[in-house]
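Have a look at protein34.cif below; it lists mmCIF, C-alpha atoms and all ligand atoms.
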data_start
#
loop_
_atom_site.group_PDB
_atom_site.id
_atom_site.type_symbol
_atom_site.label_atom_id
_atom_site.label_comp_id
_atom_site.auth_asym_id
_atom_site.auth_seq_id
_atom_site.Cartn_x
_atom_site.Cartn_y
_atom_site.Cartn_z
ATOM 1 C CA MET A 20 -102.603 11.230 20.985
ATOM 2 C CA ALA A 21 -103.506 7.618 20.239
ATOM 3 C CA GLU A 22 -100.740 5.156 19.337
ATOM 4 C CA PRO A 23 -100.444 5.073 15.528
ATOM 5 C CA VAL A 24 -101.340 1.794 13.800
ATOM 6 C CA LEU A 25 -98.770 2.467 11.103
ATOM 7 C CA ASP A 26 -95.779 4.695 11.802
ATOM 8 C CA ALA A 27 -93.200 5.484 9.109
ATOM 9 C CA ARG A 28 -90.060 7.490 9.820
ATOM 10 C CA GLY A 29 -87.198 8.597 7.623
ATOM 11 C CA LEU A 30 -88.698 6.612 4.765
ATOM 12 C CA THR A 31 -86.491 6.995 1.692
ATOM 13 C CA ARG A 32 -86.548 5.373 -1.738
ATOM 14 C CA ARG A 33 -84.135 6.197 -4.531
ATOM 15 C CA PHE A 34 -84.433 5.205 -8.195
ATOM 16 C CA GLY A 35 -80.899 5.748 -9.480
ATOM 17 C CA GLY A 36 -80.222 9.453 -8.970
ATOM 18 C CA LEU A 37 -83.861 10.292 -8.223
ATOM 19 C CA THR A 38 -85.119 10.342 -4.624
ATOM 20 C CA ALA A 39 -88.820 9.560 -5.111
ATOM 21 C CA CYS A 40 -89.439 9.423 -1.365
ATOM 22 C CA ASP A 41 -87.120 11.536 0.771
ATOM 23 C CA SER A 42 -87.038 10.904 4.532
ATOM 24 C CA VAL A 43 -90.838 10.868 4.847
ATOM 25 C CA ALA A 44 -92.532 10.645 8.257
ATOM 26 C CA LEU A 45 -96.178 9.597 8.307
ATOM 27 C CA ALA A 46 -98.419 8.146 11.035
ATOM 28 C CA LEU A 47 -101.831 6.533 10.505
ATOM 29 C CA GLU A 48 -104.332 6.128 13.327
ATOM 30 C CA ARG A 49 -107.432 3.971 13.617
ATOM 31 C CA GLY A 50 -110.575 6.006 12.981
ATOM 32 C CA GLN A 51 -108.734 8.573 10.870
ATOM 33 C CA LEU A 52 -108.753 9.233 7.180
ATOM 34 C CA HIS A 53 -105.371 10.625 6.212
ATOM 35 C CA ALA A 54 -105.225 12.150 2.743
ATOM 36 C CA LEU A 55 -102.030 12.378 0.721
ATOM 37 C CA LEU A 56 -101.854 15.273 -1.742
ATOM 38 C CA GLY A 57 -99.209 16.406 -4.143
ATOM 39 C CA PRO A 58 -98.598 17.128 -7.813
ATOM 40 C CA ASN A 59 -97.949 14.350 -10.322
ATOM 41 C CA GLY A 60 -94.539 12.778 -9.596
ATOM 42 C CA ALA A 61 -94.470 13.963 -5.950
ATOM 43 C CA GLY A 62 -93.903 10.390 -4.705
ATOM 44 C CA LYS A 63 -97.383 9.501 -3.457
ATOM 45 C CA SER A 64 -97.635 6.094 -5.160
ATOM 46 C CA THR A 65 -94.032 5.327 -4.192
ATOM 47 C CA LEU A 66 -94.917 5.996 -0.553
ATOM 48 C CA ILE A 67 -97.970 3.693 -0.796
ATOM 49 C CA ASN A 68 -95.769 1.008 -2.402
ATOM 50 C CA LEU A 69 -93.241 1.328 0.424
ATOM 51 C CA LEU A 70 -95.956 1.002 3.076
ATOM 52 C CA SER A 71 -97.579 -2.009 1.337
ATOM 53 C CA GLY A 72 -94.244 -3.756 0.693
ATOM 54 C CA ASP A 73 -94.495 -3.632 -3.122
ATOM 55 C CA LEU A 74 -91.276 -1.602 -2.937
ATOM 56 C CA LYS A 75 -88.417 -1.943 -0.454
ATOM 57 C CA PRO A 76 -87.142 1.299 1.088
ATOM 58 C CA THR A 77 -83.572 2.428 0.514
ATOM 59 C CA SER A 78 -83.633 3.386 4.203
ATOM 60 C CA GLY A 79 -86.041 4.183 6.986
ATOM 61 C CA SER A 80 -88.443 2.474 9.350
ATOM 62 C CA ILE A 81 -92.094 1.352 9.157
ATOM 63 C CA ARG A 82 -93.762 0.105 12.318
ATOM 64 C CA PHE A 83 -97.110 -1.675 12.353
ATOM 65 C CA LYS A 84 -98.466 -1.664 15.914
ATOM 66 C CA GLY A 85 -94.911 -1.545 17.216
ATOM 67 C CA THR A 86 -93.417 -4.245 14.917
ATOM 68 C CA GLU A 87 -90.781 -3.239 12.353
ATOM 69 C CA ILE A 88 -92.044 -4.323 8.922
ATOM 70 C CA ALA A 89 -89.848 -2.381 6.459
ATOM 71 C CA ALA A 90 -88.150 -5.594 5.254
ATOM 72 C CA MET A 91 -91.316 -7.701 5.194
ATOM 73 C CA PRO A 92 -92.765 -8.891 1.830
ATOM 74 C CA PRO A 93 -96.230 -7.626 0.799
ATOM 75 C CA ASP A 94 -98.110 -10.901 1.392
ATOM 76 C CA ARG A 95 -96.973 -10.972 5.026
ATOM 77 C CA ARG A 96 -97.970 -7.329 5.488
ATOM 78 C CA SER A 97 -101.372 -8.145 4.008
ATOM 79 C CA ARG A 98 -101.812 -10.978 6.494
ATOM 80 C CA LEU A 99 -100.846 -8.627 9.346
ATOM 81 C CA GLY A 100 -103.687 -6.320 8.300
ATOM 82 C CA ILE A 101 -102.320 -3.855 5.762
ATOM 83 C CA GLY A 102 -104.540 -3.742 2.676
ATOM 84 C CA ARG A 103 -104.032 -1.738 -0.491
ATOM 85 C CA SER A 104 -105.714 -0.872 -3.758
ATOM 86 C CA TYR A 105 -103.902 0.121 -6.926
ATOM 87 C CA GLN A 106 -104.038 3.283 -9.042
ATOM 88 C CA LYS A 107 -104.916 1.082 -12.038
ATOM 89 C CA THR A 108 -107.902 -1.269 -11.847
ATOM 90 C CA ASN A 109 -106.812 -4.699 -10.735
ATOM 91 C CA ILE A 110 -109.646 -7.260 -10.909
ATOM 92 C CA PHE A 111 -110.255 -10.585 -12.698
ATOM 93 C CA PRO A 112 -112.832 -9.496 -15.322
ATOM 94 C CA ALA A 113 -113.922 -13.020 -16.348
ATOM 95 C CA PHE A 114 -114.790 -14.031 -12.754
ATOM 96 C CA THR A 115 -117.915 -13.087 -10.834
ATOM 97 C CA VAL A 116 -117.904 -10.294 -8.288
ATOM 98 C CA PHE A 117 -118.095 -12.894 -5.509
ATOM 99 C CA GLU A 118 -115.198 -14.970 -6.905
ATOM 100 C CA ASN A 119 -113.008 -11.870 -7.068
ATOM 101 C CA ALA A 120 -113.729 -11.094 -3.425
ATOM 102 C CA ARG A 121 -113.284 -14.721 -2.363
ATOM 103 C CA LEU A 122 -109.872 -14.973 -4.036
ATOM 104 C CA ALA A 123 -108.832 -11.805 -2.215
ATOM 105 C CA ALA A 124 -110.129 -13.217 1.091
ATOM 106 C CA GLN A 125 -108.162 -16.432 0.561
ATOM 107 C CA SER A 126 -104.964 -14.523 -0.102
ATOM 108 C CA ARG A 127 -104.882 -13.875 3.650
ATOM 109 C CA ASP A 128 -104.675 -17.619 4.225
ATOM 110 C CA PRO A 129 -101.035 -18.796 4.371
ATOM 111 C CA ARG A 130 -101.796 -22.318 3.087
ATOM 112 C CA PRO A 131 -100.378 -22.580 -0.457
ATOM 113 C CA PHE A 132 -103.256 -24.768 -1.691
ATOM 114 C CA ALA A 133 -105.891 -22.342 -0.397
ATOM 115 C CA LEU A 134 -106.456 -20.749 -3.815
ATOM 116 C CA ALA A 135 -107.486 -24.104 -5.276
ATOM 117 C CA THR A 136 -110.155 -25.023 -2.701
ATOM 118 C CA ASP A 137 -113.750 -24.303 -3.659
ATOM 119 C CA ALA A 138 -115.982 -21.831 -1.845
ATOM 120 C CA SER A 139 -118.207 -24.396 -0.166
ATOM 121 C CA ARG A 140 -115.201 -25.907 1.601
ATOM 122 C CA ASP A 141 -113.838 -22.590 2.777
ATOM 123 C CA PRO A 142 -116.625 -20.917 4.753
ATOM 124 C CA VAL A 143 -114.227 -18.441 6.399
ATOM 125 C CA SER A 144 -113.132 -16.936 3.071
ATOM 126 C CA ARG A 145 -116.718 -17.016 1.842
ATOM 127 C CA ASP A 146 -117.902 -15.022 4.861
ATOM 128 C CA ARG A 147 -115.006 -12.576 4.592
ATOM 129 C CA ALA A 148 -115.764 -12.058 0.916
ATOM 130 C CA LEU A 149 -119.469 -11.452 1.532
ATOM 131 C CA ARG A 150 -118.725 -9.029 4.396
ATOM 132 C CA GLY A 151 -116.327 -7.092 2.175
ATOM 133 C CA LEU A 152 -118.903 -6.924 -0.637
ATOM 134 C CA GLU A 153 -121.631 -5.863 1.801
ATOM 135 C CA LEU A 154 -119.433 -3.104 3.301
ATOM 136 C CA ALA A 155 -118.532 -1.857 -0.165
ATOM 137 C CA GLY A 156 -122.210 -1.811 -1.191
ATOM 138 C CA LEU A 157 -121.972 -4.576 -3.811
ATOM 139 C CA HIS A 158 -124.098 -7.258 -2.123
ATOM 140 C CA GLU A 159 -126.721 -7.021 -4.906
ATOM 141 C CA HIS A 160 -124.112 -7.686 -7.602
ATOM 142 C CA VAL A 161 -122.337 -10.803 -6.307
ATOM 143 C CA GLU A 162 -123.281 -13.052 -9.236
ATOM 144 C CA ARG A 163 -122.411 -10.558 -11.986
ATOM 145 C CA GLN A 164 -119.303 -10.916 -14.078
ATOM 146 C CA ALA A 165 -116.733 -8.408 -12.789
ATOM 147 C CA GLY A 166 -115.842 -7.240 -16.299
ATOM 148 C CA ALA A 167 -119.482 -6.247 -16.897
ATOM 149 C CA LEU A 168 -119.570 -3.807 -13.946
ATOM 150 C CA SER A 169 -119.420 -0.055 -14.552
ATOM 151 C CA HIS A 170 -116.066 1.631 -13.938
ATOM 152 C CA GLY A 171 -117.293 2.949 -10.579
ATOM 153 C CA GLU A 172 -118.566 -0.477 -9.519
ATOM 154 C CA GLN A 173 -115.204 -2.014 -10.477
ATOM 155 C CA ARG A 174 -113.444 0.465 -8.164
ATOM 156 C CA GLN A 175 -115.962 -0.462 -5.445
ATOM 157 C CA LEU A 176 -115.102 -4.114 -6.088
ATOM 158 C CA GLU A 177 -111.428 -3.356 -5.583
ATOM 159 C CA ILE A 178 -112.248 -1.840 -2.203
ATOM 160 C CA ALA A 179 -114.403 -4.894 -1.412
ATOM 161 C CA MET A 180 -111.421 -7.121 -2.299
ATOM 162 C CA VAL A 181 -109.202 -5.183 0.091
ATOM 163 C CA LEU A 182 -111.898 -5.350 2.789
ATOM 164 C CA ALA A 183 -112.216 -9.124 2.290
ATOM 165 C CA THR A 184 -108.709 -9.447 3.754
ATOM 166 C CA GLU A 185 -110.037 -7.772 6.948
ATOM 167 C CA PRO A 186 -107.366 -5.088 7.073
ATOM 168 C CA GLU A 187 -106.803 -2.551 9.836
ATOM 169 C CA VAL A 188 -104.957 -0.240 7.464
ATOM 170 C CA LEU A 189 -106.313 0.709 4.025
ATOM 171 C CA LEU A 190 -103.894 2.212 1.491
ATOM 172 C CA LEU A 191 -106.012 3.574 -1.369
ATOM 173 C CA ASP A 192 -104.347 5.007 -4.460
ATOM 174 C CA GLU A 193 -106.785 7.276 -6.318
ATOM 175 C CA PRO A 194 -109.994 5.258 -5.862
ATOM 176 C CA LEU A 195 -112.033 8.128 -7.395
ATOM 177 C CA ALA A 196 -109.943 8.342 -10.585
ATOM 178 C CA GLY A 197 -112.058 8.322 -13.739
ATOM 179 C CA MET A 198 -115.394 8.387 -11.914
ATOM 180 C CA GLY A 199 -118.442 10.416 -12.847
ATOM 181 C CA PRO A 200 -120.093 12.654 -10.235
ATOM 182 C CA GLU A 201 -122.658 10.055 -9.146
ATOM 183 C CA GLU A 202 -120.047 7.296 -8.749
ATOM 184 C CA SER A 203 -117.763 9.710 -6.888
ATOM 185 C CA THR A 204 -120.502 10.591 -4.424
ATOM 186 C CA ARG A 205 -121.094 6.896 -3.771
ATOM 187 C CA MET A 206 -117.363 6.247 -3.250
ATOM 188 C CA VAL A 207 -117.010 9.256 -0.915
ATOM 189 C CA GLY A 208 -119.902 7.857 1.160
ATOM 190 C CA LEU A 209 -118.179 4.479 1.276
ATOM 191 C CA LEU A 210 -114.839 5.982 2.367
ATOM 192 C CA LYS A 211 -116.631 7.974 5.088
ATOM 193 C CA ARG A 212 -118.229 4.774 6.436
ATOM 194 C CA LEU A 213 -114.903 2.910 6.365
ATOM 195 C CA ALA A 214 -112.960 5.656 8.140
ATOM 196 C CA SER A 215 -114.466 4.977 11.571
ATOM 197 C CA GLY A 216 -113.195 1.390 11.791
ATOM 198 C CA HIS A 217 -109.912 1.636 9.886
ATOM 199 C CA ALA A 218 -106.738 3.653 9.517
ATOM 200 C CA ILE A 219 -106.940 4.979 5.944
ATOM 201 C CA LEU A 220 -104.323 6.560 3.712
ATOM 202 C CA LEU A 221 -106.036 8.061 0.666
ATOM 203 C CA VAL A 222 -104.257 9.441 -2.393
ATOM 204 C CA GLU A 223 -106.744 11.653 -4.179
ATOM 205 C CA HIS A 224 -106.697 14.681 -6.481
ATOM 206 C CA ASP A 225 -110.333 15.684 -6.014
ATOM 207 C CA MET A 226 -109.961 18.575 -3.551
ATOM 208 C CA ASP A 227 -113.653 18.702 -2.660
ATOM 209 C CA ALA A 228 -113.554 15.017 -1.728
ATOM 210 C CA VAL A 229 -110.299 15.369 0.208
ATOM 211 C CA PHE A 230 -111.424 18.366 2.232
ATOM 212 C CA ALA A 231 -114.806 16.720 2.913
ATOM 213 C CA LEU A 232 -113.269 13.438 4.091
ATOM 214 C CA ALA A 233 -109.849 13.973 5.616
ATOM 215 C CA ASP A 234 -109.027 14.229 9.308
ATOM 216 C CA VAL A 235 -105.381 14.842 8.440
ATOM 217 C CA ILE A 236 -103.767 15.940 5.172
ATOM 218 C CA THR A 237 -100.130 15.462 4.208
ATOM 219 C CA VAL A 238 -98.840 17.369 1.194
ATOM 220 C CA MET A 239 -95.836 15.941 -0.653
ATOM 221 C CA VAL A 240 -93.708 17.789 -3.189
ATOM 222 C CA ASN A 241 -90.555 16.375 -4.816
ATOM 223 C CA GLY A 242 -90.546 13.317 -2.552
ATOM 224 C CA GLN A 243 -90.683 15.345 0.658
ATOM 225 C CA VAL A 244 -93.434 16.195 3.103
ATOM 226 C CA LEU A 245 -94.142 19.881 2.618
ATOM 227 C CA GLU A 246 -96.753 20.115 5.350
ATOM 228 C CA SER A 247 -98.998 17.838 7.404
ATOM 229 C CA GLY A 248 -101.963 18.727 9.601
ATOM 230 C CA PRO A 249 -105.739 19.131 9.834
ATOM 231 C CA PRO A 250 -107.560 20.379 6.697
ATOM 232 C CA ALA A 251 -107.942 23.946 8.018
ATOM 233 C CA GLN A 252 -104.169 24.216 8.525
ATOM 234 C CA ILE A 253 -103.453 22.914 5.007
ATOM 235 C CA ARG A 254 -106.007 25.229 3.438
ATOM 236 C CA ALA A 255 -104.485 28.247 5.207
ATOM 237 C CA SER A 256 -100.836 27.300 4.570
ATOM 238 C CA ALA A 257 -98.954 29.791 2.404
ATOM 239 C CA ASN A 258 -96.385 27.058 1.638
ATOM 240 C CA VAL A 259 -99.056 24.712 0.316
ATOM 241 C CA GLN A 260 -100.775 27.474 -1.632
ATOM 242 C CA ARG A 261 -97.531 28.407 -3.315
ATOM 243 C CA ALA A 262 -96.298 24.906 -4.051
ATOM 244 C CA TYR A 263 -99.521 23.157 -4.853
ATOM 245 C CA LEU A 264 -103.052 24.392 -4.362
ATOM 246 C CA GLY A 265 -102.582 27.215 -6.882
ATOM 247 C CA HIS A 266 -101.844 24.726 -9.698
ATOM 248 C CA GLU A 267 -104.669 22.233 -9.430
ATOM 249 C CA ASP A 268 -105.032 21.822 -13.178
ATOM 250 C CA GLU A 269 -101.498 20.390 -13.442
ATOM 251 C CA HIS A 270 -102.297 17.236 -11.447
ATOM 252 C CA GLY A 271 -102.223 13.845 -13.077
HETATM 253 N N1 LIG A 301 -90.158 2.014 -10.573
HETATM 254 C C1 LIG A 301 -89.664 3.235 -10.800
HETATM 255 N N2 LIG A 301 -88.468 3.381 -11.417
HETATM 256 C C2 LIG A 301 -87.951 4.622 -11.636
HETATM 257 N N3 LIG A 301 -88.552 5.775 -11.275
HETATM 258 C C3 LIG A 301 -89.748 5.680 -10.671
HETATM 259 C C4 LIG A 301 -90.377 4.416 -10.394
HETATM 260 N N4 LIG A 301 -91.548 4.637 -9.769
HETATM 261 C C5 LIG A 301 -91.671 5.985 -9.657
HETATM 262 N N5 LIG A 301 -90.594 6.605 -10.194
HETATM 263 C C6 LIG A 301 -90.372 8.060 -10.227
HETATM 264 O O1 LIG A 301 -90.519 8.542 -8.891
HETATM 265 C C7 LIG A 301 -91.201 9.785 -8.885
HETATM 266 C C8 LIG A 301 -92.452 9.671 -8.031
HETATM 267 O O2 LIG A 301 -93.381 8.865 -8.710
HETATM 268 P P1 LIG A 301 -94.773 8.455 -8.049
HETATM 269 O O3 LIG A 301 -94.530 7.920 -6.692
HETATM 270 O O4 LIG A 301 -95.462 7.567 -9.016
HETATM 271 O O5 LIG A 301 -95.513 9.878 -7.963
HETATM 272 P P2 LIG A 301 -97.060 10.237 -7.750
HETATM 273 O O6 LIG A 301 -97.790 9.002 -7.377
HETATM 274 O O7 LIG A 301 -97.058 11.267 -6.660
HETATM 275 O O8 LIG A 301 -97.525 10.825 -9.039
HETATM 276 C C9 LIG A 301 -91.476 10.136 -10.345
HETATM 277 O O9 LIG A 301 -90.436 10.983 -10.797
HETATM 278 C C10 LIG A 301 -91.437 8.788 -11.029
HETATM 279 O O10 LIG A 301 -91.041 8.928 -12.387
HETATM 280 MG MG MG A 302 -99.468 8.018 -8.264
#

How would this structure read if it were set down as structure tokens?
Ligand SMILES: Nc1ncnc2c1ncn2[C@@H]1O[C@H](COP(=O)(O)OP(=O)(O)O)[C@@H](O)[C@H]1O
Ligand SMILES: [Mg+2]
Amino acid sequence: MAEPVLDARGLTRRFGGLTACDSVALALERGQLHALLGPNGAGKSTLINLLSGDLKPTSGSIRFKGTEIAAMPPDRRSRLGIGRSYQKTNIFPAFTVFENARLAAQSRDPRPFALATDASRDPVSRDRALRGLELAGLHEHVERQAGALSHGEQRQLEIAMVLATEPEVLLLDEPLAGMGPEESTRMVGLLKRLASGHAILLVEHDMDAVFALADVITVMVNGQVLESGPPAQIRASANVQRAYLGHEDEHG
């Protein structure tokens, strides 16, 4: 087995008396799309927040290519190559598509004045932004105002913004949420293209999309990993059937 890019062990986060993430082990490898399933409240977003650094773990370890990062703030993790998108849309609607991507690209630059420099004087961020937009399929929309994009295009822009930071790991929290069938198909195609060059963790409720895309599926229930393995194993698991797959309409 290849060395994981991101390797979490015993990852635990408590909120008062509630253990939202309970001794979770999860490994992400380059070239793999790893899907995270579980009912509403299972701890999926908490796990993403722990891996991105938006939340600090109560205990446990997270290694990125061998380096312990569990205590590292999110901006440093982003600069190491861990990119994330949020469950709720997170763009600057008044800016153009390109400006959104360029600001994201510059966030990888540790210089504090970087955000103030204009695009023409920062060719590296400009190129990163354009590559991210190209990869995400938005190259024809660079001059549009982000707030005028369709919902699906805005979610594509969020992926482009993550890609503009040139991450090795992509943590994607429900990128298909609220999409129509056509937009979903486009996003599934995008995720498929991205999987070959990245290590991806995808939280998604759309079972058809998950089973079409995932190399590995981890199912969480009540903060714990119920089962983890290739799609065929998850589909056949009596545990998963009982705890989760039989109640698909309850997901949120
Ligand atoms: N910041 C927080 N403070 C207190 N409780 C939280 C917080 N974030 C999440 N929780 C709780 O942790 C549990 C897991 O939430 P979450 O990770 O958002 O689940 P999921 O993404 O799988 O729906 C839920 O019971 C939720 O209410
Ligand atoms: Mg969530």

Two-atom distance - atom CA of Gly216 of chain A, atom CA of Leu47 of chain A (Å):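 So the answer is 12.5 Å.
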
One number please: atom CA of Asp26 of chain A to atom CA of His217 of chain A, in Å, one decimal.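 It comes out at 14.6 Å.
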
Could you list, as a list in words, all protein and nucleic acid residues with an atom at most 8 Å from ligand MG 302 (chain A), counting all atoms listed in the file? Asn59, Gly60, Gly62, Lys63, Ser64, Thr65, Gln106, Asp192, Glu193 and Val222 of chain A

Which chain A residues have any atom within 12 Å of an atom of ligand LIG 301 (chain A), and for each, what is the nearest pair of atoms with distance in Å to one decimal, counting all atoms listed in the file, rows sorted by chain and number, as a tab-separated table?
residue	atom	partner	partner_atom	distance
A:Thr31	CA	A:LIG301	O1	11.4
A:Arg32	CA	A:LIG301	O1	8.8
A:Arg33	CA	A:LIG301	N3	8.1
A:Phe34	CA	A:LIG301	C2	5.0
A:Gly35	CA	A:LIG301	C2	7.5
A:Gly36	CA	A:LIG301	N3	9.4
A:Leu37	CA	A:LIG301	O1	6.9
A:Thr38	CA	A:LIG301	O1	7.1
A:Ala39	CA	A:LIG301	O1	4.3
A:Cys40	CA	A:LIG301	C8	7.3
A:Asp41	CA	A:LIG301	C8	10.5
A:Leu55	CA	A:LIG301	O7	9.0
A:Leu56	CA	A:LIG301	O7	8.0
A:Gly57	CA	A:LIG301	O7	6.1
A:Pro58	CA	A:LIG301	O7	6.2
A:Asn59	CA	A:LIG301	O8	3.8
A:Gly60	CA	A:LIG301	O5	3.5
A:Ala61	CA	A:LIG301	O7	3.8
A:Gly62	CA	A:LIG301	O3	3.2
A:Lys63	CA	A:LIG301	O7	3.7
A:Ser64	CA	A:LIG301	O6	3.7
A:Thr65	CA	A:LIG301	O3	3.6
A:Leu66	CA	A:LIG301	O3	6.4
A:Ile67	CA	A:LIG301	O3	8.0
A:Asn68	CA	A:LIG301	O3	8.2
A:Leu69	CA	A:LIG301	O3	9.8
A:Asp73	CA	A:LIG301	N1	10.3
A:Leu74	CA	A:LIG301	N1	8.5
A:Lys75	CA	A:LIG301	N1	11.0
A:Tyr105	CA	A:LIG301	O6	10.8
A:Gln106	CA	A:LIG301	O6	8.6
A:Lys107	CA	A:LIG301	O6	11.6
A:Leu191	CA	A:LIG301	O6	11.5
A:Asp192	CA	A:LIG301	O6	8.2
A:Glu193	CA	A:LIG301	O6	9.2
A:Leu221	CA	A:LIG301	O6	11.6
A:Val222	CA	A:LIG301	O6	8.2
A:Glu223	CA	A:LIG301	O6	9.9
A:His224	CA	A:LIG301	O7	10.2
A:Val238	CA	A:LIG301	O7	10.1
A:Met239	CA	A:LIG301	O7	7.7
A:Val240	CA	A:LIG301	O7	8.1
A:Asn241	CA	A:LIG301	C8	7.7
A:Gly242	CA	A:LIG301	C8	6.9
A:Gln243	CA	A:LIG301	C8	10.5
A:Val244	CA	A:LIG301	O7	11.5
A:Glu269	CA	A:LIG301	O8	11.3
A:His270	CA	A:LIG301	O8	8.3
A:Gly271	CA	A:LIG301	O8	6.9

List the spatial neighbours of Glu202 of chain A as number ranges by chain - criterion: any atom at most 10 Å away, only C-alpha atoms, same-chain residues fewer than 2 positions off excluded. A: 169-172, 174-175, 195, 197-200, 204-208

Write the selection just made, keeping C-alpha atoms, as an mmCIF file, in the frame of the given file?
data_model
loop_
_atom_site.group_PDB
_atom_site.id
_atom_site.type_symbol
_atom_site.label_atom_id
_atom_site.label_comp_id
_atom_site.auth_asym_id
_atom_site.auth_seq_id
_atom_site.Cartn_x
_atom_site.Cartn_y
_atom_site.Cartn_z
ATOM 1 C CA SER A 169 -119.420 -0.055 -14.552
ATOM 2 C CA HIS A 170 -116.066 1.631 -13.938
ATOM 3 C CA GLY A 171 -117.293 2.949 -10.579
ATOM 4 C CA GLU A 172 -118.566 -0.477 -9.519
ATOM 5 C CA ARG A 174 -113.444 0.465 -8.164
ATOM 6 C CA GLN A 175 -115.962 -0.462 -5.445
ATOM 7 C CA LEU A 195 -112.033 8.128 -7.395
ATOM 8 C CA GLY A 197 -112.058 8.322 -13.739
ATOM 9 C CA MET A 198 -115.394 8.387 -11.914
ATOM 10 C CA GLY A 199 -118.442 10.416 -12.847
ATOM 11 C CA PRO A 200 -120.093 12.654 -10.235
ATOM 12 C CA THR A 204 -120.502 10.591 -4.424
ATOM 13 C CA ARG A 205 -121.094 6.896 -3.771
ATOM 14 C CA MET A 206 -117.363 6.247 -3.250
ATOM 15 C CA VAL A 207 -117.010 9.256 -0.915
ATOM 16 C CA GLY A 208 -119.902 7.857 1.160
#

Quick one: of A:Thr86, A:Ser104, A:Thr115, A:Gln260, who's nearest to Glu177 of chain A, counting all atoms listed in the file?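 Of A:Thr86, A:Ser104, A:Thr115, A:Gln260, the one nearest Glu177 of chain A, counting all atoms listed in the file, is A:Ser104.
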
Result set of the PyMOL selection byres (((chain A and resi 164-167) around 9) and not hetatm) on the coordinates above, as a short mmCIF file (atom, residue, chain, number, x, y, z; two decimals) with C-alpha atoms, in the frame of the given file:
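result_15.cif was written with the following content:
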data_model
loop_
_atom_site.label_atom_id
_atom_site.label_comp_id
_atom_site.auth_asym_id
_atom_site.auth_seq_id
_atom_site.Cartn_x
_atom_site.Cartn_y
_atom_site.Cartn_z
CA ILE A 110 -109.65 -7.26 -10.91
CA PHE A 111 -110.26 -10.58 -12.70
CA PRO A 112 -112.83 -9.50 -15.32
CA ALA A 113 -113.92 -13.02 -16.35
CA PHE A 114 -114.79 -14.03 -12.75
CA THR A 115 -117.92 -13.09 -10.83
CA VAL A 116 -117.90 -10.29 -8.29
CA PHE A 117 -118.10 -12.89 -5.51
CA GLU A 118 -115.20 -14.97 -6.90
CA ASN A 119 -113.01 -11.87 -7.07
CA HIS A 160 -124.11 -7.69 -7.60
CA VAL A 161 -122.34 -10.80 -6.31
CA GLU A 162 -123.28 -13.05 -9.24
CA ARG A 163 -122.41 -10.56 -11.99
CA LEU A 168 -119.57 -3.81 -13.95
CA SER A 169 -119.42 -0.06 -14.55
CA GLU A 172 -118.57 -0.48 -9.52
CA GLN A 173 -115.20 -2.01 -10.48
CA LEU A 176 -115.10 -4.11 -6.09
#

Report as a PyMOL selection string the residues that result from applying the PyMOL selection byres (((chain A and resi 140-150) around 9) and not hetatm) to the structure here. chain A and resi 117-125+127-128+133+136-139+151-155+158+161+179-180+182-185

Pick out the residues sitting within 7 Å of Val235 of chain A, and hand them over as a VMD selection string; count only C-alpha atoms, and ignore anything fewer than 4 positions along from it in its own chain. chain A and resid 52 to 54 248 to 250

For this structure, which residues satisfy the selection - the PyMOL selection byres (((chain A and resi 78) around 9) and not hetatm) - when it is evaluated on the file as given? I want them as an NGL selection string. :A and (29-32 or 42 or 75-77 or 79-80 or 89)

Neighbouring residues of Arg49 of chain A were defined as those with any atom within 12 Å, considering all atoms listed in the file; residues of the same chain fewer than 4 positions away were excluded. Please report them as JSON, numbers by chain. {"A": [20, 21, 22, 23, 24, 25, 26, 53, 83, 84, 186, 187, 188, 189, 213, 214, 215, 216, 217, 218, 219, 220, 234]}

Separation of atom CA of Pro93 of chain A from atom CA of Ser71 of chain A, in Å and rounded to one decimal: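 Atom CA of Ser71 of chain A lies at a distance of 5.8 Å from atom CA of Pro93 of chain A.
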
Enclosing box along x, y and z for every listed atom of segment 146-156 of chain A, padded 6 Å each side, centre and size in Å, one decimal, as JSON:
{"center_x": -118.6, "center_y": -8.4, "center_z": 1.8, "size_x": 19.2, "size_y": 25.2, "size_z": 18.1}

Taking (-115.7, 17.1, -4.3) in the file's own coordinates, collect the residues within 9 Å, counting only C-alpha atoms, and hand them back as a PDB file with C-alpha atoms, in the frame of the given file.
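Once written, result-v3.pdb looks like this:
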ATOM      1  CA  PRO A 200    -120.093  12.654 -10.235  1.00  0.00           C
ATOM      2  CA  SER A 203    -117.763   9.710  -6.888  1.00  0.00           C
ATOM      3  CA  THR A 204    -120.502  10.591  -4.424  1.00  0.00           C
ATOM      4  CA  VAL A 207    -117.010   9.256  -0.915  1.00  0.00           C
ATOM      5  CA  ASP A 225    -110.333  15.684  -6.014  1.00  0.00           C
ATOM      6  CA  MET A 226    -109.961  18.575  -3.551  1.00  0.00           C
ATOM      7  CA  ASP A 227    -113.653  18.702  -2.660  1.00  0.00           C
ATOM      8  CA  ALA A 228    -113.554  15.017  -1.728  1.00  0.00           C
ATOM      9  CA  VAL A 229    -110.299  15.369   0.208  1.00  0.00           C
ATOM     10  CA  PHE A 230    -111.424  18.366   2.232  1.00  0.00           C
ATOM     11  CA  ALA A 231    -114.806  16.720   2.913  1.00  0.00           C
TER      12      ALA A 231
END
